[in-house]
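To start, the structure itself, in structure tokens.
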Amino acid sequence: MKRHHLGLTLFAAWLCSVPLAADDGVFDQYRDLMGDDNPAVFVIDEGEELWFMPQGPESATLEACDLGLGPGVTAGAYVRFPRYFADADAVMDLESRLVHCMTTIQGRDLEAVTAKPYSLRGDFGTEMEALVTWLAAESEGATIAPEQTHAAERAMYSLGEEIFYYRAGPHDFSCATCHEQSGMRIRLQALPDLTSHTGAAEAWGSWPAYRISQGLVRTMGWRLRDCFRQQRWPELQMGSEASIALQTYMAVNAAGGTMTAPGLKR
Amino acid sequence: MKALTAGITIILNASLMAWTVAADEIEAVLHNSFVAKNQATMERLERDAVQTACSAPRGMPLDNDMLAALREERLNAVVLPADGQYLGDWQRGAEVATNGRGLQSSDDPTQPNGGNCYACHQLAPGEVAYGTLGPSLTGYGARGQSQAMLQYTWTKLWDTHAYNLCSHMPRFGAQGILTEQQLKDVMAYLLDPASPVNQAAE
């Protein structure tokens with residue numbers, strides 16, 4: 001696992017020094033070269049440790065947390081998200097479900113656990129990033145199959161579709177501006193068509209992902225926040241309805257695809 | 001975390017035969033999902049007539065008379081340069097076309113905005129890092145500098161919807177993204193025979 005680490009660091013340094021396309025084959029070569037050496041492996045271990053670590057006033061681990069397949073069941077749980085949880089009477093993404101478990105099971109303060117879900121450049125990763133990375137890895141290779149049985153889950157999909165096309169802000173951008181055609185790019189960055197099954201499956205299935213240029217694992221919640229920043233909108237909040245709706249839209253479009261996360265990105 | 005689905009009302013519009021979410025419900029959801037950050041204020045979530053008309057998911061039936069009227073309105077609202085001069089300095093225009101910053105929460109509002117034309121268009125053949133959301137504009141100057149061409153290009157940059165309602169291109173003049181001088185400079189970048197846009201690749 002640590003065999004290629006120096007090579008990886010050098011390769012990463014070189015990658016960051018030239019403006020490269022995500023679609024010019026270099027990344028595929030990089031992935032082949034590195035095999036299992038996605039630096040996210042270290043974050044996966046950290047996430048697993050955090051799951052089993054007693055925390056909060058209740059000094060509880062997260063083992064009682066029900067991710068939809070029963071308390072403590074982590075294998076294959078992530079590919080069923082976003083989904084409706086009766087105990088919260090809400091459709092939740094993985095991030096908001098974890099927040100729910102931290103507050104209800106560990107007794108932790110809502111403000112405290114939501115204060116800084118995503119790390120800034122130069123930080124170490126956050127607890128949320130580590131947990132999401134481990135839980136995604138627990139679904140690696142599984143088929144993406146988000147729940148769409150409850151009316152609230154289907155409503156979330158419709159809402160997500162509407163937000164996907166909602167044009168606003170000084171540049172009139174919506175997600176669709178950049179992500180409703182296939183084979184397009186901005187500068188050299190390839191843009192997935194998230195309205196198509198193929199594009200959505202590749203994108204949804206590869207997050208959370210290790211960002212080489214930032215040296216951090218990023219979650220899908222962060223990816224959406226950063227696209228909204230480029231859209232010139234205000235800041236998307238983790239676990240917000242808009243975030244869950246867009247994730248539902250992408251996950252349902254991706255259904256039938258394979259979860260490959262944690263991915264490796266520019 | 002509050003009950004996240006409570007705010008959504010689903011209406012079945014019989015004539016569309018599709019599930020849609022009422023516009024005011026979406027606005028309420030957005031207002032609960034974002035917080036203002038630096039220059040990216042919450043008002044940016046409100047839509048004007050063009051944005052509202054152009055937010056329909058693919059496959060939704062559209063009211064063509066309404067759209068034609070809206071396009072006409074945009075055309076009438078275009079502000080041409082007061083002094084009748086359309087062309088500035090292509091070298092400064094190159095900077096406008098390259099610069100992708102401006103109006104993001106992470107941008108310094110005291111710095112000039114960019115036009116970020118290279119995000120979507122190929123321009124100078126020597127620049128390989130161009131996007132493909134828009135058509136290639138390499139050699140654009142070959143179309144000449146007739147009054148009609150100057151007005152067409154200015155209008156396209158001022159408000160793209162004046163010609164092509166629901167175009168994906170930003171409204172650089174109408175939305176105040178670029179100043180009149182920056183628009184003139186980028187016009188020169190497109191049209192000046194000396195601009196790299198109009199030179200053959202070496």
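Labeling convention for the structure tokens: chains A, B, ... as they appear, residues from 1 per chain, ligands from 1 in order of appearance.
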Which chain B residues have any atom within 7 Å of an atom of chain A, and for each, what is the nearest pair of atoms with distance in Å to one decimal, counting only C-alpha atoms, rows sorted by chain and number, as a tab-separated table?
```
residue	atom	partner	partner_atom	distance
B:Ala3	CA	A:Ala90	CA	5.4
B:Leu4	CA	A:Ala90	CA	5.3
B:Thr5	CA	A:Ala90	CA	5.7
B:Ile10	CA	A:Ala155	CA	6.9
B:Trp19	CA	A:Ser158	CA	6.9
B:Thr20	CA	A:Ser158	CA	6.5
B:Val21	CA	A:Leu159	CA	6.2
B:Val29	CA	A:Glu241	CA	6.4
B:Leu30	CA	A:Ala242	CA	6.3
B:Ser33	CA	A:Ser240	CA	4.9
B:Phe34	CA	A:Leu236	CA	4.6
B:Val35	CA	A:Glu235	CA	5.3
B:Ala36	CA	A:Pro234	CA	4.8
B:Lys37	CA	A:Pro234	CA	5.6
B:Ala40	CA	A:Pro234	CA	4.8
B:Thr41	CA	A:Pro234	CA	5.8
B:Met42	CA	A:Pro234	CA	6.2
B:Arg44	CA	A:Gly169	CA	4.6
B:Leu45	CA	A:Ala168	CA	5.7
B:Glu46	CA	A:Ala168	CA	6.6
B:Arg47	CA	A:Ala168	CA	5.5
B:Gln51	CA	A:Arg167	CA	5.3
B:Cys54	CA	A:Arg167	CA	7.0
B:Ser55	CA	A:Tyr166	CA	4.8
B:Ala56	CA	A:Tyr165	CA	6.4
B:Pro57	CA	A:Tyr165	CA	5.7
B:Leu103	CA	A:Arg232	CA	6.1
B:Gln104	CA	A:Arg232	CA	4.7
B:Ser105	CA	A:Arg229	CA	6.4
B:Tyr118	CA	A:Arg187	CA	6.3
B:Ala119	CA	A:Arg187	CA	4.6
B:Cys120	CA	A:Ile186	CA	5.9
B:Ala129	CA	A:Arg187	CA	4.9
B:Tyr130	CA	A:Arg187	CA	4.2
B:Gly131	CA	A:Arg187	CA	4.0
B:Thr132	CA	A:Arg185	CA	5.5
B:Leu133	CA	A:Met184	CA	5.9
B:His168	CA	A:Thr177	CA	5.9
B:Pro170	CA	A:His171	CA	4.9
B:Arg171	CA	A:His171	CA	6.8
B:Gln175	CA	A:Pro170	CA	5.9
```
Handout entry: Contacts of Asp192 in chain B at 12 Å (only C-alpha atoms; same-chain gap of 4+ positions) as a list in words
Key = Tyr86, Leu87, Gly88, Asp89, Trp90, Gln91, Gly93, Ala94, Gly139, Tyr140, Gly141, Ala142, Arg143, Gly144, Gln145, Leu150, Lys184, Asp185, Val186, Met187, Ala188, Pro196, Val197, Asn198 and Gln199 of chain B
May I have the selected residues written with N, CA and C atoms, as a CSV table (one decimal), in the first residue's frame?
```csv
chain,number,residue,atom,x,y,z
B,86,TYR,N,-17.2,51.0,-30.8
B,86,TYR,CA,-17.3,49.7,-30.4
B,86,TYR,C,-16.0,49.0,-30.0
B,87,LEU,N,-14.9,49.5,-30.6
B,87,LEU,CA,-13.7,48.7,-30.4
B,87,LEU,C,-12.7,49.4,-29.5
B,88,GLY,N,-12.2,48.7,-28.5
B,88,GLY,CA,-11.2,49.2,-27.6
B,88,GLY,C,-9.8,48.6,-28.0
B,89,ASP,N,-9.2,48.2,-26.9
B,89,ASP,CA,-7.8,47.7,-27.0
B,89,ASP,C,-7.7,46.2,-26.9
B,90,TRP,N,-7.3,45.5,-28.0
B,90,TRP,CA,-7.4,44.0,-28.0
B,90,TRP,C,-6.5,43.4,-26.9
B,91,GLN,N,-5.4,44.1,-26.6
B,91,GLN,CA,-4.5,43.5,-25.6
B,91,GLN,C,-5.2,43.5,-24.2
B,93,GLY,N,-8.3,43.4,-23.9
B,93,GLY,CA,-9.4,42.4,-24.2
B,93,GLY,C,-9.0,41.0,-23.9
B,94,ALA,N,-7.7,40.7,-24.2
B,94,ALA,CA,-7.2,39.4,-24.0
B,94,ALA,C,-7.3,39.0,-22.5
B,139,GLY,N,-10.7,33.1,-35.5
B,139,GLY,CA,-10.9,33.8,-36.8
B,139,GLY,C,-12.1,34.6,-36.9
B,140,TYR,N,-12.7,35.0,-35.8
B,140,TYR,CA,-14.0,35.7,-35.7
B,140,TYR,C,-13.9,37.0,-36.6
B,141,GLY,N,-12.7,37.6,-36.5
B,141,GLY,CA,-12.5,38.9,-37.2
B,141,GLY,C,-12.7,38.8,-38.7
B,142,ALA,N,-12.7,37.6,-39.3
B,142,ALA,CA,-12.9,37.5,-40.7
B,142,ALA,C,-14.3,38.0,-41.1
B,143,ARG,N,-15.2,38.1,-40.1
B,143,ARG,CA,-16.5,38.5,-40.5
B,143,ARG,C,-16.6,40.0,-40.7
B,144,GLY,N,-15.5,40.7,-40.5
B,144,GLY,CA,-15.4,42.1,-40.8
B,144,GLY,C,-15.9,43.1,-39.7
B,145,GLN,N,-15.9,44.4,-40.0
B,145,GLN,CA,-16.2,45.4,-39.0
B,145,GLN,C,-17.4,46.3,-39.5
B,150,LEU,N,-20.7,44.9,-35.9
B,150,LEU,CA,-20.4,45.5,-34.6
B,150,LEU,C,-21.6,45.5,-33.7
B,184,LYS,N,-15.8,46.9,-24.9
B,184,LYS,CA,-15.1,47.4,-26.1
B,184,LYS,C,-13.8,46.7,-26.3
B,185,ASP,N,-13.0,46.4,-25.2
B,185,ASP,CA,-11.7,45.8,-25.3
B,185,ASP,C,-11.9,44.3,-25.8
B,186,VAL,N,-12.9,43.6,-25.3
B,186,VAL,CA,-13.1,42.3,-25.7
B,186,VAL,C,-13.6,42.2,-27.1
B,187,MET,N,-14.4,43.2,-27.5
B,187,MET,CA,-14.8,43.4,-28.9
B,187,MET,C,-13.6,43.4,-29.8
B,188,ALA,N,-12.6,44.3,-29.4
B,188,ALA,CA,-11.4,44.4,-30.2
B,188,ALA,C,-10.6,43.1,-30.3
B,196,PRO,N,-4.6,38.1,-31.6
B,196,PRO,CA,-4.2,36.7,-31.8
B,196,PRO,C,-5.4,35.8,-32.2
B,197,VAL,N,-6.6,36.2,-31.9
B,197,VAL,CA,-7.8,35.4,-32.3
B,197,VAL,C,-7.8,35.3,-33.8
B,198,ASN,N,-7.2,36.3,-34.5
B,198,ASN,CA,-7.3,36.4,-36.0
B,198,ASN,C,-6.0,36.0,-36.7
B,199,GLN,N,-5.1,35.5,-35.9
B,199,GLN,CA,-3.8,35.0,-36.5
B,199,GLN,C,-3.9,33.5,-36.7
```
Practice task
Would you please give, as a count of residues only, all residues of range 3-193 of chain A that DSSP assigns to alpha helix (DSSP H) based on the backbone?
Solution key: 80
Problem - From B:Thr153, B:Leu67, B:Ile177, B:Ala77, residue lying nearest Asn116 in chain B [only C-alpha atoms] - result: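 Answer, going by the shortest atom-to-atom distance: B:Ile177.
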Practice task
Write out as number ranges by chain the residues lying within 12 Å of Thr110 in chain B, counting only C-alpha atoms and excluding same-chain residues fewer than 4 positions away.
Solution key: B: 39, 101-103
Next, write the just-selected residues to a file, as a short mmCIF file (atom, residue, chain, number, x, y, z; two decimals), in the first residue's frame, keeping N, CA, C and O atoms as the atom set.
```
data_model
loop_
_atom_site.label_atom_id
_atom_site.label_comp_id
_atom_site.auth_asym_id
_atom_site.auth_seq_id
_atom_site.Cartn_x
_atom_site.Cartn_y
_atom_site.Cartn_z
N GLN B 39 -19.57 38.59 -1.10
CA GLN B 39 -20.43 39.30 -2.05
C GLN B 39 -21.58 38.43 -2.59
O GLN B 39 -22.48 38.96 -3.26
N ARG B 101 -12.10 35.10 -12.92
CA ARG B 101 -12.55 35.51 -11.58
C ARG B 101 -13.66 36.54 -11.68
O ARG B 101 -13.93 37.11 -12.72
N GLY B 102 -14.28 36.81 -10.54
CA GLY B 102 -15.29 37.84 -10.46
C GLY B 102 -16.63 37.33 -10.01
O GLY B 102 -17.15 36.37 -10.58
N LEU B 103 -17.16 37.96 -8.94
CA LEU B 103 -18.51 37.75 -8.42
C LEU B 103 -18.72 36.43 -7.67
O LEU B 103 -19.80 36.15 -7.18
#
```
Practice task
May I have the residues within 6 Å of Arg211 in chain A as a PyMOL selection string, using only C-alpha atoms and disregarding those fewer than 5 positions away in the same chain?
Solution key: chain A and resi 216-217+265-266
Would you return as a PDB file with N, CA, C and O atoms, in the first residue's frame the members of range 28-252 of chain A that DSSP assigns to strand (DSSP E) on this structure's backbone?
```pdb
ATOM      1  N   ARG A  83     -32.182   8.469   1.326  1.00  0.00           N
ATOM      2  CA  ARG A  83     -33.371   7.662   1.618  1.00  0.00           C
ATOM      3  C   ARG A  83     -34.145   8.233   2.789  1.00  0.00           C
ATOM      4  O   ARG A  83     -33.630   9.039   3.561  1.00  0.00           O
ATOM      5  N   TYR A  84     -35.400   7.786   2.878  1.00  0.00           N
ATOM      6  CA  TYR A  84     -36.293   8.278   3.931  1.00  0.00           C
ATOM      7  C   TYR A  84     -36.060   7.510   5.219  1.00  0.00           C
ATOM      8  O   TYR A  84     -35.925   6.282   5.208  1.00  0.00           O
ATOM      9  N   PHE A  85     -35.983   8.247   6.327  1.00  0.00           N
ATOM     10  CA  PHE A  85     -35.857   7.634   7.645  1.00  0.00           C
ATOM     11  C   PHE A  85     -37.066   8.015   8.486  1.00  0.00           C
ATOM     12  O   PHE A  85     -37.304   9.208   8.740  1.00  0.00           O
ATOM     13  N   ALA A  90     -37.736  12.231   7.540  1.00  0.00           N
ATOM     14  CA  ALA A  90     -37.055  13.055   6.540  1.00  0.00           C
ATOM     15  C   ALA A  90     -36.244  12.181   5.599  1.00  0.00           C
ATOM     16  O   ALA A  90     -35.795  11.089   5.982  1.00  0.00           O
ATOM     17  N   VAL A  91     -36.076  12.700   4.367  1.00  0.00           N
ATOM     18  CA  VAL A  91     -35.133  12.082   3.447  1.00  0.00           C
ATOM     19  C   VAL A  91     -33.760  12.626   3.806  1.00  0.00           C
ATOM     20  O   VAL A  91     -33.594  13.834   3.979  1.00  0.00           O
ATOM     21  N   MET A  92     -32.795  11.748   3.950  1.00  0.00           N
ATOM     22  CA  MET A  92     -31.459  12.181   4.371  1.00  0.00           C
ATOM     23  C   MET A  92     -30.379  11.681   3.424  1.00  0.00           C
ATOM     24  O   MET A  92     -30.494  10.586   2.860  1.00  0.00           O
ATOM     25  N   MET A 184     -18.684  17.809 -23.135  1.00  0.00           N
ATOM     26  CA  MET A 184     -18.284  19.221 -23.031  1.00  0.00           C
ATOM     27  C   MET A 184     -17.218  19.395 -21.960  1.00  0.00           C
ATOM     28  O   MET A 184     -17.039  18.569 -21.088  1.00  0.00           O
ATOM     29  N   ARG A 185     -16.532  20.529 -22.055  1.00  0.00           N
ATOM     30  CA  ARG A 185     -15.576  20.840 -21.003  1.00  0.00           C
ATOM     31  C   ARG A 185     -15.527  22.342 -20.762  1.00  0.00           C
ATOM     32  O   ARG A 185     -15.891  23.131 -21.651  1.00  0.00           O
ATOM     33  N   ILE A 186     -15.072  22.713 -19.567  1.00  0.00           N
ATOM     34  CA  ILE A 186     -14.795  24.104 -19.225  1.00  0.00           C
ATOM     35  C   ILE A 186     -13.288  24.204 -19.147  1.00  0.00           C
ATOM     36  O   ILE A 186     -12.661  23.408 -18.435  1.00  0.00           O
ATOM     37  N   GLN A 189     -11.358  21.086 -18.133  1.00  0.00           N
ATOM     38  CA  GLN A 189     -11.996  20.152 -17.213  1.00  0.00           C
ATOM     39  C   GLN A 189     -13.248  19.530 -17.821  1.00  0.00           C
ATOM     40  O   GLN A 189     -14.180  20.235 -18.193  1.00  0.00           O
ATOM     41  N   ALA A 190     -13.243  18.216 -17.888  1.00  0.00           N
ATOM     42  CA  ALA A 190     -14.381  17.496 -18.467  1.00  0.00           C
ATOM     43  C   ALA A 190     -15.610  17.673 -17.586  1.00  0.00           C
ATOM     44  O   ALA A 190     -15.524  17.655 -16.357  1.00  0.00           O
ATOM     45  N   LEU A 191     -16.753  17.875 -18.217  1.00  0.00           N
ATOM     46  CA  LEU A 191     -18.009  18.077 -17.496  1.00  0.00           C
ATOM     47  C   LEU A 191     -18.919  16.872 -17.711  1.00  0.00           C
ATOM     48  O   LEU A 191     -19.320  16.609 -18.836  1.00  0.00           O
ATOM     49  N   ALA A 209     -14.110  11.630  -2.942  1.00  0.00           N
ATOM     50  CA  ALA A 209     -12.924  11.425  -3.749  1.00  0.00           C
ATOM     51  C   ALA A 209     -11.728  12.146  -3.138  1.00  0.00           C
ATOM     52  O   ALA A 209     -11.877  13.170  -2.470  1.00  0.00           O
ATOM     53  N   TYR A 210     -10.567  11.569  -3.390  1.00  0.00           N
ATOM     54  CA  TYR A 210      -9.330  12.231  -2.965  1.00  0.00           C
ATOM     55  C   TYR A 210      -8.950  13.249  -4.026  1.00  0.00           C
ATOM     56  O   TYR A 210      -8.819  12.902  -5.204  1.00  0.00           O
ATOM     57  N   ARG A 211      -8.826  14.517  -3.642  1.00  0.00           N
ATOM     58  CA  ARG A 211      -8.447  15.570  -4.588  1.00  0.00           C
ATOM     59  C   ARG A 211      -6.948  15.772  -4.505  1.00  0.00           C
ATOM     60  O   ARG A 211      -6.443  16.294  -3.507  1.00  0.00           O
ATOM     61  N   LEU A 216      -6.668  16.293  -0.070  1.00  0.00           N
ATOM     62  CA  LEU A 216      -7.745  16.035   0.886  1.00  0.00           C
ATOM     63  C   LEU A 216      -8.805  15.164   0.238  1.00  0.00           C
ATOM     64  O   LEU A 216      -8.970  15.188  -0.975  1.00  0.00           O
ATOM     65  N   VAL A 217      -9.541  14.441   1.086  1.00  0.00           N
ATOM     66  CA  VAL A 217     -10.735  13.770   0.583  1.00  0.00           C
ATOM     67  C   VAL A 217     -11.886  14.772   0.632  1.00  0.00           C
ATOM     68  O   VAL A 217     -12.025  15.521   1.593  1.00  0.00           O
ATOM     69  N   ARG A 218     -12.662  14.802  -0.429  1.00  0.00           N
ATOM     70  CA  ARG A 218     -13.825  15.684  -0.501  1.00  0.00           C
ATOM     71  C   ARG A 218     -15.093  14.852  -0.626  1.00  0.00           C
ATOM     72  O   ARG A 218     -15.086  13.821  -1.296  1.00  0.00           O
ATOM     73  N   GLU A 235     -23.648  30.292  -0.154  1.00  0.00           N
ATOM     74  CA  GLU A 235     -23.030  29.010   0.189  1.00  0.00           C
ATOM     75  C   GLU A 235     -24.048  27.934   0.562  1.00  0.00           C
ATOM     76  O   GLU A 235     -24.868  28.113   1.456  1.00  0.00           O
ATOM     77  N   LEU A 236     -23.931  26.789  -0.110  1.00  0.00           N
ATOM     78  CA  LEU A 236     -24.811  25.645   0.173  1.00  0.00           C
ATOM     79  C   LEU A 236     -24.469  25.055   1.535  1.00  0.00           C
ATOM     80  O   LEU A 236     -23.305  24.843   1.852  1.00  0.00           O
TER      81      LEU A 236
END
```
Could you pull the residues within 12 Å of Ala69 in chain B, counting only C-alpha atoms, minus those fewer than 6 positions along the same chain, as a PDB file with all heavy atoms, in the first residue's frame?
```pdb
ATOM      1  N   ALA B  49     -37.233  37.751 -15.014  1.00  0.00           N
ATOM      2  CA  ALA B  49     -38.130  37.104 -15.978  1.00  0.00           C
ATOM      3  C   ALA B  49     -37.386  36.131 -16.890  1.00  0.00           C
ATOM      4  O   ALA B  49     -37.883  35.034 -17.180  1.00  0.00           O
ATOM      5  CB  ALA B  49     -38.850  38.166 -16.805  1.00  0.00           C
ATOM      6  N   VAL B  50     -36.180  36.508 -17.327  1.00  0.00           N
ATOM      7  CA  VAL B  50     -35.415  35.631 -18.210  1.00  0.00           C
ATOM      8  C   VAL B  50     -35.028  34.348 -17.474  1.00  0.00           C
ATOM      9  O   VAL B  50     -35.199  33.234 -17.986  1.00  0.00           O
ATOM     10  CB  VAL B  50     -34.135  36.339 -18.727  1.00  0.00           C
ATOM     11  CG1 VAL B  50     -33.207  35.348 -19.421  1.00  0.00           C
ATOM     12  CG2 VAL B  50     -34.504  37.470 -19.669  1.00  0.00           C
ATOM     13  N   ALA B  53     -38.057  32.094 -16.999  1.00  0.00           N
ATOM     14  CA  ALA B  53     -38.498  31.468 -18.249  1.00  0.00           C
ATOM     15  C   ALA B  53     -37.514  30.389 -18.703  1.00  0.00           C
ATOM     16  O   ALA B  53     -37.910  29.428 -19.362  1.00  0.00           O
ATOM     17  CB  ALA B  53     -38.649  32.517 -19.340  1.00  0.00           C
ATOM     18  N   ASP B  63     -44.299  28.252 -23.432  1.00  0.00           N
ATOM     19  CA  ASP B  63     -45.239  29.188 -24.043  1.00  0.00           C
ATOM     20  C   ASP B  63     -44.468  30.054 -25.052  1.00  0.00           C
ATOM     21  O   ASP B  63     -43.780  31.002 -24.685  1.00  0.00           O
ATOM     22  CB  ASP B  63     -45.860  30.037 -22.920  1.00  0.00           C
ATOM     23  CG  ASP B  63     -46.785  31.112 -23.465  1.00  0.00           C
ATOM     24  OD1 ASP B  63     -46.742  31.383 -24.675  1.00  0.00           O
ATOM     25  OD2 ASP B  63     -47.531  31.671 -22.650  1.00  0.00           O
ATOM     26  N   LEU B  75     -34.096  42.629 -26.521  1.00  0.00           N
ATOM     27  CA  LEU B  75     -33.465  43.308 -27.651  1.00  0.00           C
ATOM     28  C   LEU B  75     -33.624  44.824 -27.516  1.00  0.00           C
ATOM     29  O   LEU B  75     -32.684  45.593 -27.707  1.00  0.00           O
ATOM     30  CB  LEU B  75     -34.080  42.809 -28.967  1.00  0.00           C
ATOM     31  CG  LEU B  75     -33.409  43.282 -30.257  1.00  0.00           C
ATOM     32  CD1 LEU B  75     -31.935  42.860 -30.301  1.00  0.00           C
ATOM     33  CD2 LEU B  75     -34.138  42.708 -31.479  1.00  0.00           C
ATOM     34  N   ASN B  76     -34.828  45.249 -27.109  1.00  0.00           N
ATOM     35  CA  ASN B  76     -35.077  46.685 -26.960  1.00  0.00           C
ATOM     36  C   ASN B  76     -34.300  47.296 -25.794  1.00  0.00           C
ATOM     37  O   ASN B  76     -34.109  48.499 -25.757  1.00  0.00           O
ATOM     38  CB  ASN B  76     -36.574  46.935 -26.773  1.00  0.00           C
ATOM     39  CG  ASN B  76     -37.355  46.604 -28.034  1.00  0.00           C
ATOM     40  OD1 ASN B  76     -36.810  46.675 -29.140  1.00  0.00           O
ATOM     41  ND2 ASN B  76     -38.611  46.201 -27.885  1.00  0.00           N
ATOM     42  N   HIS B 161     -29.579  36.865 -24.732  1.00  0.00           N
ATOM     43  CA  HIS B 161     -30.982  36.448 -24.899  1.00  0.00           C
ATOM     44  C   HIS B 161     -31.733  37.312 -25.901  1.00  0.00           C
ATOM     45  O   HIS B 161     -32.830  36.959 -26.322  1.00  0.00           O
ATOM     46  CB  HIS B 161     -31.696  36.455 -23.551  1.00  0.00           C
ATOM     47  CG  HIS B 161     -31.008  35.619 -22.530  1.00  0.00           C
ATOM     48  ND1 HIS B 161     -31.181  34.261 -22.449  1.00  0.00           N
ATOM     49  CD2 HIS B 161     -30.095  35.944 -21.581  1.00  0.00           C
ATOM     50  CE1 HIS B 161     -30.425  33.781 -21.466  1.00  0.00           C
ATOM     51  NE2 HIS B 161     -29.744  34.779 -20.926  1.00  0.00           N
ATOM     52  N   ALA B 162     -31.139  38.456 -26.285  1.00  0.00           N
ATOM     53  CA  ALA B 162     -31.776  39.319 -27.279  1.00  0.00           C
ATOM     54  C   ALA B 162     -31.888  38.600 -28.621  1.00  0.00           C
ATOM     55  O   ALA B 162     -32.774  38.902 -29.424  1.00  0.00           O
ATOM     56  CB  ALA B 162     -30.974  40.609 -27.433  1.00  0.00           C
ATOM     57  N   TYR B 163     -30.962  37.660 -28.872  1.00  0.00           N
ATOM     58  CA  TYR B 163     -31.026  36.887 -30.108  1.00  0.00           C
ATOM     59  C   TYR B 163     -31.482  35.457 -29.866  1.00  0.00           C
ATOM     60  O   TYR B 163     -32.174  34.878 -30.672  1.00  0.00           O
ATOM     61  CB  TYR B 163     -29.645  36.827 -30.780  1.00  0.00           C
ATOM     62  CG  TYR B 163     -29.169  38.145 -31.305  1.00  0.00           C
ATOM     63  CD1 TYR B 163     -27.879  38.598 -31.049  1.00  0.00           C
ATOM     64  CD2 TYR B 163     -30.017  38.952 -32.079  1.00  0.00           C
ATOM     65  CE1 TYR B 163     -27.445  39.814 -31.535  1.00  0.00           C
ATOM     66  CE2 TYR B 163     -29.577  40.169 -32.566  1.00  0.00           C
ATOM     67  CZ  TYR B 163     -28.291  40.596 -32.293  1.00  0.00           C
ATOM     68  OH  TYR B 163     -27.852  41.787 -32.772  1.00  0.00           O
ATOM     69  N   LEU B 165     -32.985  33.375 -26.892  1.00  0.00           N
ATOM     70  CA  LEU B 165     -33.503  33.286 -25.528  1.00  0.00           C
ATOM     71  C   LEU B 165     -33.112  31.940 -24.915  1.00  0.00           C
ATOM     72  O   LEU B 165     -33.227  30.902 -25.565  1.00  0.00           O
ATOM     73  CB  LEU B 165     -35.029  33.468 -25.514  1.00  0.00           C
ATOM     74  CG  LEU B 165     -35.558  33.804 -24.117  1.00  0.00           C
ATOM     75  CD1 LEU B 165     -35.318  35.254 -23.770  1.00  0.00           C
ATOM     76  CD2 LEU B 165     -37.020  33.446 -23.981  1.00  0.00           C
TER      77      LEU B 165
END
```
Practice task
Give me, please, the distance in Å between CA of Gln148 in chain A and CA of Thr219 in chain A, quoted to one decimal.
Solution key: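 Separation of CA of Gln148 in chain A and CA of Thr219 in chain A: 22.4 Å.
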